[in-house]
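Visitor: Have a look at this one.
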4 protein chains.
Amino acid sequence: MPNKDLKELWKKVNQFEIANDMDIVQLINSLKGTGFNAKRLALACEIYNEMVNDNECVKFFGLAGAMVPAGMQRIIYDFIKEGFIDILVTTGANLTHDLAEALGYHHLQGDYINPNDLDDSELHKEEINRIYDVFMPNKVYEGIEDFISKLKIPDYQMTVSSFLYYLGQQLPKSSQSILKICAEKEVPIFCPAFTDSGLALQLGFHHQKINLNHFKDMLEMVNLAWDAKKAGICIVGGGVPKNFIMQSLQFCPNSASYAIQITMDRPESGGLSGATLKEAISWGKINESAKYSTIISDATIALPIILWYLKKSRV
Amino acid sequence: MPNKDLKELWKKVNQFEIANDMDIVQLINSLKGTGFNAKRLALACEIYNEMVNDNECVKFFGLAGAMVPAGMQRIIYDFIKEGFIDILVTTGANLTHDLAEALGYHHLQGDYINPNDLDDSELHKEEINRIYDVFMPNKVYEGIEDFISKLKIPDYQMTVSSFLYYLGQQLPKSSQSILKICAEKEVPIFCPAFTDSGLALQLGFHHQKINLNHFKDMLEMVNLAWDAKKAGICIVGGGVPKNFIMQSLQFCPNSASYAIQITMDRPESGGLSGATLKEAISWGKINESAKYSTIISDATIALPIILWYLKKSRV
Amino acid sequence: MPNKDLKELWKKVNQFEIANDMDIVQLINSLKGTGFNAKRLALACEIYNEMVNDNECVKFFGLAGAMVPAGMQRIIYDFIKEGFIDILVTTGANLTHDLAEALGYHHLQGDYINPNDLDDSELHKEEINRIYDVFMPNKVYEGIEDFISKLKIPDYQMTVSSFLYYLGQQLPKSSQSILKICAEKEVPIFCPAFTDSGLALQLGFHHQKINLNHFKDMLEMVNLAWDAKKAGICIVGGGVPKNFIMQSLQFCPNSASYAIQITMDRPESGGLSGATLKEAISWGKINESAKYSTIISDATIALPIILWYLKKSRV
Amino acid sequence: MPNKDLKELWKKVNQFEIANDMDIVQLINSLKGTGFNAKRLALACEIYNEMVNDNECVKFFGLAGAMVPAGMQRIIYDFIKEGFIDILVTTGANLTHDLAEALGYHHLQGDYINPNDLDDSELHKEEINRIYDVFMPNKVYEGIEDFISKLKIPDYQMTVSSFLYYLGQQLPKSSQSILKICAEKEVPIFCPAFTDSGLALQLGFHHQKINLNHFKDMLEMVNLAWDAKKAGICIVGGGVPKNFIMQSLQFCPNSASYAIQITMDRPESGGLSGATLKEAISWGKINESAKYSTIISDATIALPIILWYLKKSRV
């Protein structure tokens with residue numbers, strides 16, 4: 001290892017220039033010769049591109065954080081539409097927000113300077129729910145409730161993923177719904193903490209007999225990981241989606257060969273969201289010869305750049 | 001508001017002294033007159049103590065992060081034993097680690113200086129799983145597997161919380177098991193992302209028919225929140241436990257009157273774990289007249305101090 | 001304020017699409033309709049562009065962090081060359097690294113995956129100094145020492161800024177030296193903590209009589225702030241450069257009308273680097289009607305994007 | 001290295017209990033057997049205690065961050081009074097705040113719940129300067145100005161450290177002034193960025209001929225480091241004080257044998273404040289056989305605990 005490291009030292013840092021007419025691929029190629037998170041972002045772009053061009057690689061994508069309220073719904077939609085995601089693991093919250101937009105409701109922009117200034121008591125009276133500097137009116141819940149209450153549940157004991165597939169099929173044509181495009185492209189969505197969401201609350205309130213099978217999902221996910229000749233993972237934000245992908249790979253013949261992580265969390269306090277990808281090698285979740293890169297960045301900055309790079313690289 | 005704030009300004013900062021013979025209550029009382037996270041820690045201690053002394057208050061405790069591997073199992077155990085927690089919401093990981101210790105297995109300490117130095121490939125060969133600077137040998141899984149495979153499941157469709165109550169009853173007497181003391185004290189444990197854990201994997205592998213009812217748990221939790229004359233919450237680390245408690249309080253007649261949050265996450269990137277408690281007021285999860293305090297601190301430092309304060313205050 | 005905020009709520013979040021053929025200006029314009037740090041980055045771009053197009057505005061730029069070792073030397077060079085910086089305040093470290101590159105030495109790239117893995121004892125034996133994942137060989141110091149030891153100091157009591165101007169004039173023509181381009185464009189460089197640098201150490205070792213006047217710099221900076229009809233500030237990383245700019249504006253008739261901050265630090269622990277720009281209004285450092293935006297991001301990602309936007313907007 | 005690490009693994013994590021009647025030494029001893037930052041805090045206490053008991057060790061203390069406004073003035077005072085600091089390196093801001101308290105002025109407590117809520121424009125009108133949730137009225141500056149304007153400067157070309165020693169001597173007897181106790185105990189104070197402070201501004205305004213010699217301080221500091229048989233360092237917050245101590249040790253025969261760091265900054269974005277202590281080994285600033293520990297914590301929580309431990313251990 002140290003020898004390898006020392007050999008690498010002989011490359012000089014690239015004091016790169018921004019050219020007006022350059023494109024995103026040129027910027028990322030320049031950043032690859034730098035350091036810190038700029039370099040990691042460039043490596044993540046390169047690794048993701050390899051994943052995309054590796055036909056044997058099954059691409060697991062873990063999505064946490066309020067990405068849909070922050071305007072990243074179409075970004076995720078395109079990752080799926082372009083075939084950059086084979087299996088999506090996400091939070092109930094993102095699915096609830098996606099459903100809201102799919103039903104024609106919208107998230108709102110707020111005061112962009114000092115969101116913490118806002119009088120949250122007044123917002124509460126106005127029935128506006130705050131997510132840092134974006135907002136969701138309570139009436140969105142009414143729309144979801146109306147939709148869910150009328151929804152025919154084909155099987156109260158179906159898996160969460162099969163329910164989400166069914167749900168996606170019921171949605172109106174949409175240019176940006178994650179649920180819809182996953183159903184169209186048959187990209188399975190796993191949501192281990194589904195009952196931790198407004199969507200699940202409405203299901204529970206209106207379909208008392210429902211008992212979606214979380215355990216079958218868990219085993220299906222293990223099988224998908226087991227069957228993957230090669231696995232690649234992209235983790236946005238950490239949380240349950242990160243751990244659920246990781247635990248599925250832990251006991252597989254082939255752990256992940258590619259891994260990308262975009263997070264603001266750090267390893268020092270021991271939480272999984274901030275855990276290094278290197279640490280996952282000890283668990284057998286990531287292959288010791290894997291290519292991996294962690295970017296400490298708000299995903300709202302890093303994800304659009306990675307998508308732009310992937311789309312442009314393919315052209 | 002500003003008037004109130006400006007009136008508060010006339011208190012001078014307390015340039016306090018450390019006396020050898022002082023106790024933790026005196027330290028916290030001194031810190032209350034300071035600023036930054038020291039002051040917030042003092043406020044959290046004071047608020048938690050009020051919760052404990054408020055007979056009408058139902059105390060919800062959300063626990064995320066690898067607290068058991070980090071040696072905090074007995075700390076949580078005492079929070080429950082002392083009656084400082086009425087309802088526990090946690091991750092499958094903490095329950096898996098708790099079960100391991102309850103079955104006589106142990107987590108191990110590692111190189112305390114540079115955990116990232118460790119050769120994770122070598123650890124993998126040694127079958128030692130790393131959690132930053134603590135470790136869990138793979139053989140722990142064998143112990144859990146052996147125990148779970150022999151476990152008689154009373155009802156494949158029972159709720160997760162009722163299963164965890166049953167599980168706690170099956171465990172040997174223990175001076176530190178969270179599952180055991182919760183069963184003894186009849187403190188319900190909710191685990192919305194239960195299938196995101198090694199414990200659930202073993203259940204799934206050995207009891208194929210299992211389909212624990214997550215939706216009933218969700219509705220039970222809403223009822224518990226609904227029935228609470230007064231609610232108090234303590235959030236450690238954020239994640240699903242935080243959101244699950246918050247969503248249960250959102251539509252209740254009485255949102256939280258007391259709230260404490262211990263986390264390393266921050267609000268700026270919009271994730272729920274780092275969201276301010278103030279923001280929760282807009283959602284109606286926290287009462288606009290609530291007392292609340294967020295401490296930006298590793299919970300391994302803050303939790304023992306809070307427990308020490310609460311125990312000492314009671315004497 | 002709340003009314004203004006609530007009016008803003010009626011704008012819906014922009015679920016934007018990445019088009020292959022779009023340019024950086026289009027990306028930033030799309031991000032402006034989103035949330036979290038993506039939105040703040042877009043606002044920062046817009047605000048900086050306003051500063052550039054406001055002929056009355058004097059642009060103060062505070063640069064901390066190891067930007068030159070990380071390959072950002074040419075980025076800063078272009079900010080100056082393009083006229084995006086009128087007054088630069090930076091650290092002795094950045095000037096030392098800039099001088100090294102100007103003298104033909106280079107910073108080196110290291111192991112991009114796990115810099116913390118590197119055996120720092122071995123690096124020490126190899127005389128390679130590590131800055132996270134970039135490196136500076138000790139021989140760079142020899143080059144600096146050789147240059148500084150031969151340097152004729154025109155006046156031992158000159159100000160630091162006048163010395164840095166003189167130093168820039170002595171440097172070989174360069175396409176990327178910050179010292180050189182500042183001398184050419186007559187952009188003053190202030191360095192309040194100059195003696196906290198390898199460059200100053202060499203000066204002290206070889207020119208024992210030197211006593212550059214730091215106080216005159218301090219007063220000159222106050223005068224520059226005082227004379228500015230309008231002030232705009234861009235803070236990278238915080239530290240002394242941030243505070244030095246802020247203290248100069250504090251007692252001026254016109255505090256800052258525009259402010260941008262790029263940092264990974266946060267306000268909760270009370271350090272100035274993470275302090276909000278809003279807080280600076282109480283000090284009179286920033287105007288209450290100022291436009292400002294803080295981006296929580298590694299500057300190695302945000303700065304190239306801002307420069308790209310500014311250059312492209314000008315075309 | 002890995003062998004050593006693996007041998008360490010065989011110690012089990014200490015699932016410790018909080019006893020009412022335990023003292024701080026017992027708590028720290030318990031935390032030493034845990035993980036994450038609790039363990040690092042325990043190690044820091046132990047290492048600092050070793051420094052104190054090592055008669056050959058010169059203890060360098062780097063203090064950044066608004067510690068005096070946050071009520072930590074008496075804590076620092078006691079570190080010096082107890083002989084736990086031999087050489088102090090700090091910021092002009094901390095000295096300005098210390099002087100204010102020494103002259104009988106006070107910092108004020110603010111709204112402890114939502115400091116970002118405060119109307120900073122109103123605070124500005126009230127001439128109250130905000131530091132997150134503590135405050136300094138502008139009239140403090142008048143007191144400092146009055147004192148400094150009347151101060152007789154013995155030598156306009158003296159070093160900053162000799163000026164600060166002289167300044168401490170001029171101050172009224174005080175039970176908490178850092179400047180005063182350093183003068184009494186003849187603990188030198190270095191302040192490389194002195195002109196980046198309100199104190200220096202008043203000096204500059206009222207003593208136009210002043211040109212304190214920063215270079216002599218720099219060389220004196222190098223000599224102090226050079227002459228130290230053994231060096232120990234404690235870094236609070238990072239910034240210039242950290243780098244100034246580190247650069248002085250870099251070229252010494254004996255680099256640091258003990259090192260403690262308390263910070264909220266992280267290494268990934270390459271700034272010095274967040275740089276690991278391990279990285280400093282490559283520079284020769286820290287000895288490869290040194291004992292060191294970094295605590296990711298607000299210093300307002302960690303410093304009082306460390307002081308309490310040190311005082312109690314000595315009894």
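Just remember, in the structure tokens the first chain shown is A, the second B, etc., residues are 1-based per chain, and ligands are 1-based in the order shown.
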Dump as a ChimeraX atom specification the residues of chain B that approach chain D to within 7 Å, counting only C-alpha atoms.

Guide: /B:2,5,8-18,20,34-38,70-75,106-111,113,118-119,133-134,293,297-298,300-301,308,311-312

Visitor: Based on DSSP run over this structure's backbone, return all residues of segment 68-314 of chain D in helix (DSSP H, G or I), as a PyMOL selection string.

Guide: chain D and resi 73-81+92-102+115-117+120-125+139-150+160-170+178-185+198-206+214-227+239-250+267-269+279-283+299-314

Visitor: Run DSSP on the backbone of this structure and report the residues of segment 123-217 of chain D it assigns to strand (DSSP E), as number ranges by chain.

Guide: D: 128-131, 134-137, 189-190

Visitor: Filtering to all heavy atoms, could you give me those residues as a PDB file, in the first residue's frame?

Guide:
```
ATOM      1  N   ILE D 128     -25.917  46.310  20.083  1.00  0.00           N
ATOM      2  CA  ILE D 128     -25.591  45.032  20.731  1.00  0.00           C
ATOM      3  C   ILE D 128     -25.046  44.110  19.652  1.00  0.00           C
ATOM      4  O   ILE D 128     -25.731  43.827  18.662  1.00  0.00           O
ATOM      5  CB  ILE D 128     -26.859  44.393  21.343  1.00  0.00           C
ATOM      6  CG1 ILE D 128     -27.524  45.301  22.358  1.00  0.00           C
ATOM      7  CG2 ILE D 128     -26.549  43.006  21.922  1.00  0.00           C
ATOM      8  CD1 ILE D 128     -26.997  45.192  23.756  1.00  0.00           C
ATOM      9  N   ASN D 129     -23.802  43.657  19.798  1.00  0.00           N
ATOM     10  CA  ASN D 129     -23.182  42.779  18.816  1.00  0.00           C
ATOM     11  C   ASN D 129     -23.409  41.324  19.202  1.00  0.00           C
ATOM     12  O   ASN D 129     -23.178  40.934  20.344  1.00  0.00           O
ATOM     13  CB  ASN D 129     -21.684  43.061  18.733  1.00  0.00           C
ATOM     14  CG  ASN D 129     -21.421  44.519  18.434  1.00  0.00           C
ATOM     15  OD1 ASN D 129     -21.978  45.072  17.493  1.00  0.00           O
ATOM     16  ND2 ASN D 129     -20.606  45.156  19.279  1.00  0.00           N
ATOM     17  N   ARG D 130     -23.832  40.522  18.229  1.00  0.00           N
ATOM     18  CA  ARG D 130     -24.180  39.132  18.516  1.00  0.00           C
ATOM     19  C   ARG D 130     -23.060  38.159  18.155  1.00  0.00           C
ATOM     20  O   ARG D 130     -22.426  38.295  17.111  1.00  0.00           O
ATOM     21  CB  ARG D 130     -25.450  38.758  17.754  1.00  0.00           C
ATOM     22  CG  ARG D 130     -25.934  37.342  18.029  1.00  0.00           C
ATOM     23  CD  ARG D 130     -27.369  37.154  17.600  1.00  0.00           C
ATOM     24  NE  ARG D 130     -27.517  37.063  16.155  1.00  0.00           N
ATOM     25  CZ  ARG D 130     -27.488  35.911  15.487  1.00  0.00           C
ATOM     26  NH1 ARG D 130     -27.271  34.763  16.112  1.00  0.00           N
ATOM     27  NH2 ARG D 130     -27.662  35.912  14.168  1.00  0.00           N
ATOM     28  N   ILE D 131     -22.790  37.224  19.041  1.00  0.00           N
ATOM     29  CA  ILE D 131     -21.891  36.101  18.778  1.00  0.00           C
ATOM     30  C   ILE D 131     -22.714  34.841  19.033  1.00  0.00           C
ATOM     31  O   ILE D 131     -22.796  34.349  20.150  1.00  0.00           O
ATOM     32  CB  ILE D 131     -20.663  36.125  19.706  1.00  0.00           C
ATOM     33  CG1 ILE D 131     -19.913  37.452  19.561  1.00  0.00           C
ATOM     34  CG2 ILE D 131     -19.739  34.948  19.411  1.00  0.00           C
ATOM     35  CD1 ILE D 131     -18.921  37.725  20.679  1.00  0.00           C
ATOM     36  N   VAL D 134     -24.544  34.714  22.433  1.00  0.00           N
ATOM     37  CA  VAL D 134     -24.062  35.650  23.447  1.00  0.00           C
ATOM     38  C   VAL D 134     -23.848  37.008  22.771  1.00  0.00           C
ATOM     39  O   VAL D 134     -23.838  37.103  21.547  1.00  0.00           O
ATOM     40  CB  VAL D 134     -22.763  35.150  24.142  1.00  0.00           C
ATOM     41  CG1 VAL D 134     -23.051  33.925  24.986  1.00  0.00           C
ATOM     42  CG2 VAL D 134     -21.669  34.883  23.149  1.00  0.00           C
ATOM     43  N   PHE D 135     -23.663  38.040  23.582  1.00  0.00           N
ATOM     44  CA  PHE D 135     -23.722  39.393  23.058  1.00  0.00           C
ATOM     45  C   PHE D 135     -22.695  40.289  23.715  1.00  0.00           C
ATOM     46  O   PHE D 135     -22.329  40.085  24.869  1.00  0.00           O
ATOM     47  CB  PHE D 135     -25.124  39.968  23.320  1.00  0.00           C
ATOM     48  CG  PHE D 135     -26.203  39.169  22.679  1.00  0.00           C
ATOM     49  CD1 PHE D 135     -26.663  38.005  23.277  1.00  0.00           C
ATOM     50  CD2 PHE D 135     -26.709  39.527  21.441  1.00  0.00           C
ATOM     51  CE1 PHE D 135     -27.635  37.224  22.667  1.00  0.00           C
ATOM     52  CE2 PHE D 135     -27.678  38.753  20.817  1.00  0.00           C
ATOM     53  CZ  PHE D 135     -28.139  37.599  21.431  1.00  0.00           C
ATOM     54  N   MET D 136     -22.228  41.261  22.942  1.00  0.00           N
ATOM     55  CA  MET D 136     -21.327  42.263  23.491  1.00  0.00           C
ATOM     56  C   MET D 136     -21.828  43.649  23.105  1.00  0.00           C
ATOM     57  O   MET D 136     -21.904  43.973  21.927  1.00  0.00           O
ATOM     58  CB  MET D 136     -19.907  42.067  22.971  1.00  0.00           C
ATOM     59  CG  MET D 136     -18.909  42.962  23.695  1.00  0.00           C
ATOM     60  SD  MET D 136     -17.210  42.739  23.105  1.00  0.00           S
ATOM     61  CE  MET D 136     -17.315  43.616  21.548  1.00  0.00           C
ATOM     62  N   PRO D 137     -22.200  44.466  24.109  1.00  0.00           N
ATOM     63  CA  PRO D 137     -22.664  45.826  23.788  1.00  0.00           C
ATOM     64  C   PRO D 137     -21.502  46.652  23.233  1.00  0.00           C
ATOM     65  O   PRO D 137     -20.350  46.477  23.650  1.00  0.00           O
ATOM     66  CB  PRO D 137     -23.095  46.379  25.157  1.00  0.00           C
ATOM     67  CG  PRO D 137     -23.149  45.212  26.095  1.00  0.00           C
ATOM     68  CD  PRO D 137     -22.210  44.194  25.543  1.00  0.00           C
ATOM     69  N   ILE D 189       2.252  35.035  26.017  1.00  0.00           N
ATOM     70  CA  ILE D 189       1.102  34.956  25.106  1.00  0.00           C
ATOM     71  C   ILE D 189       1.562  35.383  23.720  1.00  0.00           C
ATOM     72  O   ILE D 189       2.088  36.484  23.548  1.00  0.00           O
ATOM     73  CB  ILE D 189      -0.040  35.900  25.537  1.00  0.00           C
ATOM     74  CG1 ILE D 189      -0.492  35.591  26.966  1.00  0.00           C
ATOM     75  CG2 ILE D 189      -1.212  35.791  24.562  1.00  0.00           C
ATOM     76  CD1 ILE D 189      -1.546  36.571  27.490  1.00  0.00           C
ATOM     77  N   PHE D 190       1.396  34.507  22.749  1.00  0.00           N
ATOM     78  CA  PHE D 190       1.684  34.862  21.359  1.00  0.00           C
ATOM     79  C   PHE D 190       0.370  35.066  20.625  1.00  0.00           C
ATOM     80  O   PHE D 190      -0.607  34.353  20.845  1.00  0.00           O
ATOM     81  CB  PHE D 190       2.510  33.777  20.682  1.00  0.00           C
ATOM     82  CG  PHE D 190       3.908  33.694  21.211  1.00  0.00           C
ATOM     83  CD1 PHE D 190       4.225  32.794  22.234  1.00  0.00           C
ATOM     84  CD2 PHE D 190       4.905  34.523  20.721  1.00  0.00           C
ATOM     85  CE1 PHE D 190       5.525  32.731  22.740  1.00  0.00           C
ATOM     86  CE2 PHE D 190       6.194  34.461  21.220  1.00  0.00           C
ATOM     87  CZ  PHE D 190       6.509  33.568  22.230  1.00  0.00           C
TER      88      PHE D 190
END
```

Visitor: Can you work out which one of D:Leu219, D:Ala259, D:Leu151, D:Ile144 has the shortest atom-to-atom distance to Glu288 of chain D, counting only C-alpha atoms?

Guide: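 Distance minimum relative to Glu288 of chain D lands on D:Ala259.
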
Visitor: Provide the atom CA of Leu63 of chain A to atom CA of Cys234 of chain A distance in Å, to one decimal place.

Guide: 8.4 Å

Visitor: Using only C-alpha atoms, which residue out of A:Ile178, A:Glu220, A:Phe163, A:Thr263 lies closest to Lys81 of chain A?

Guide: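 Once distances to Lys81 of chain A are computed over only C-alpha atoms, the minimum belongs to A:Ile178.
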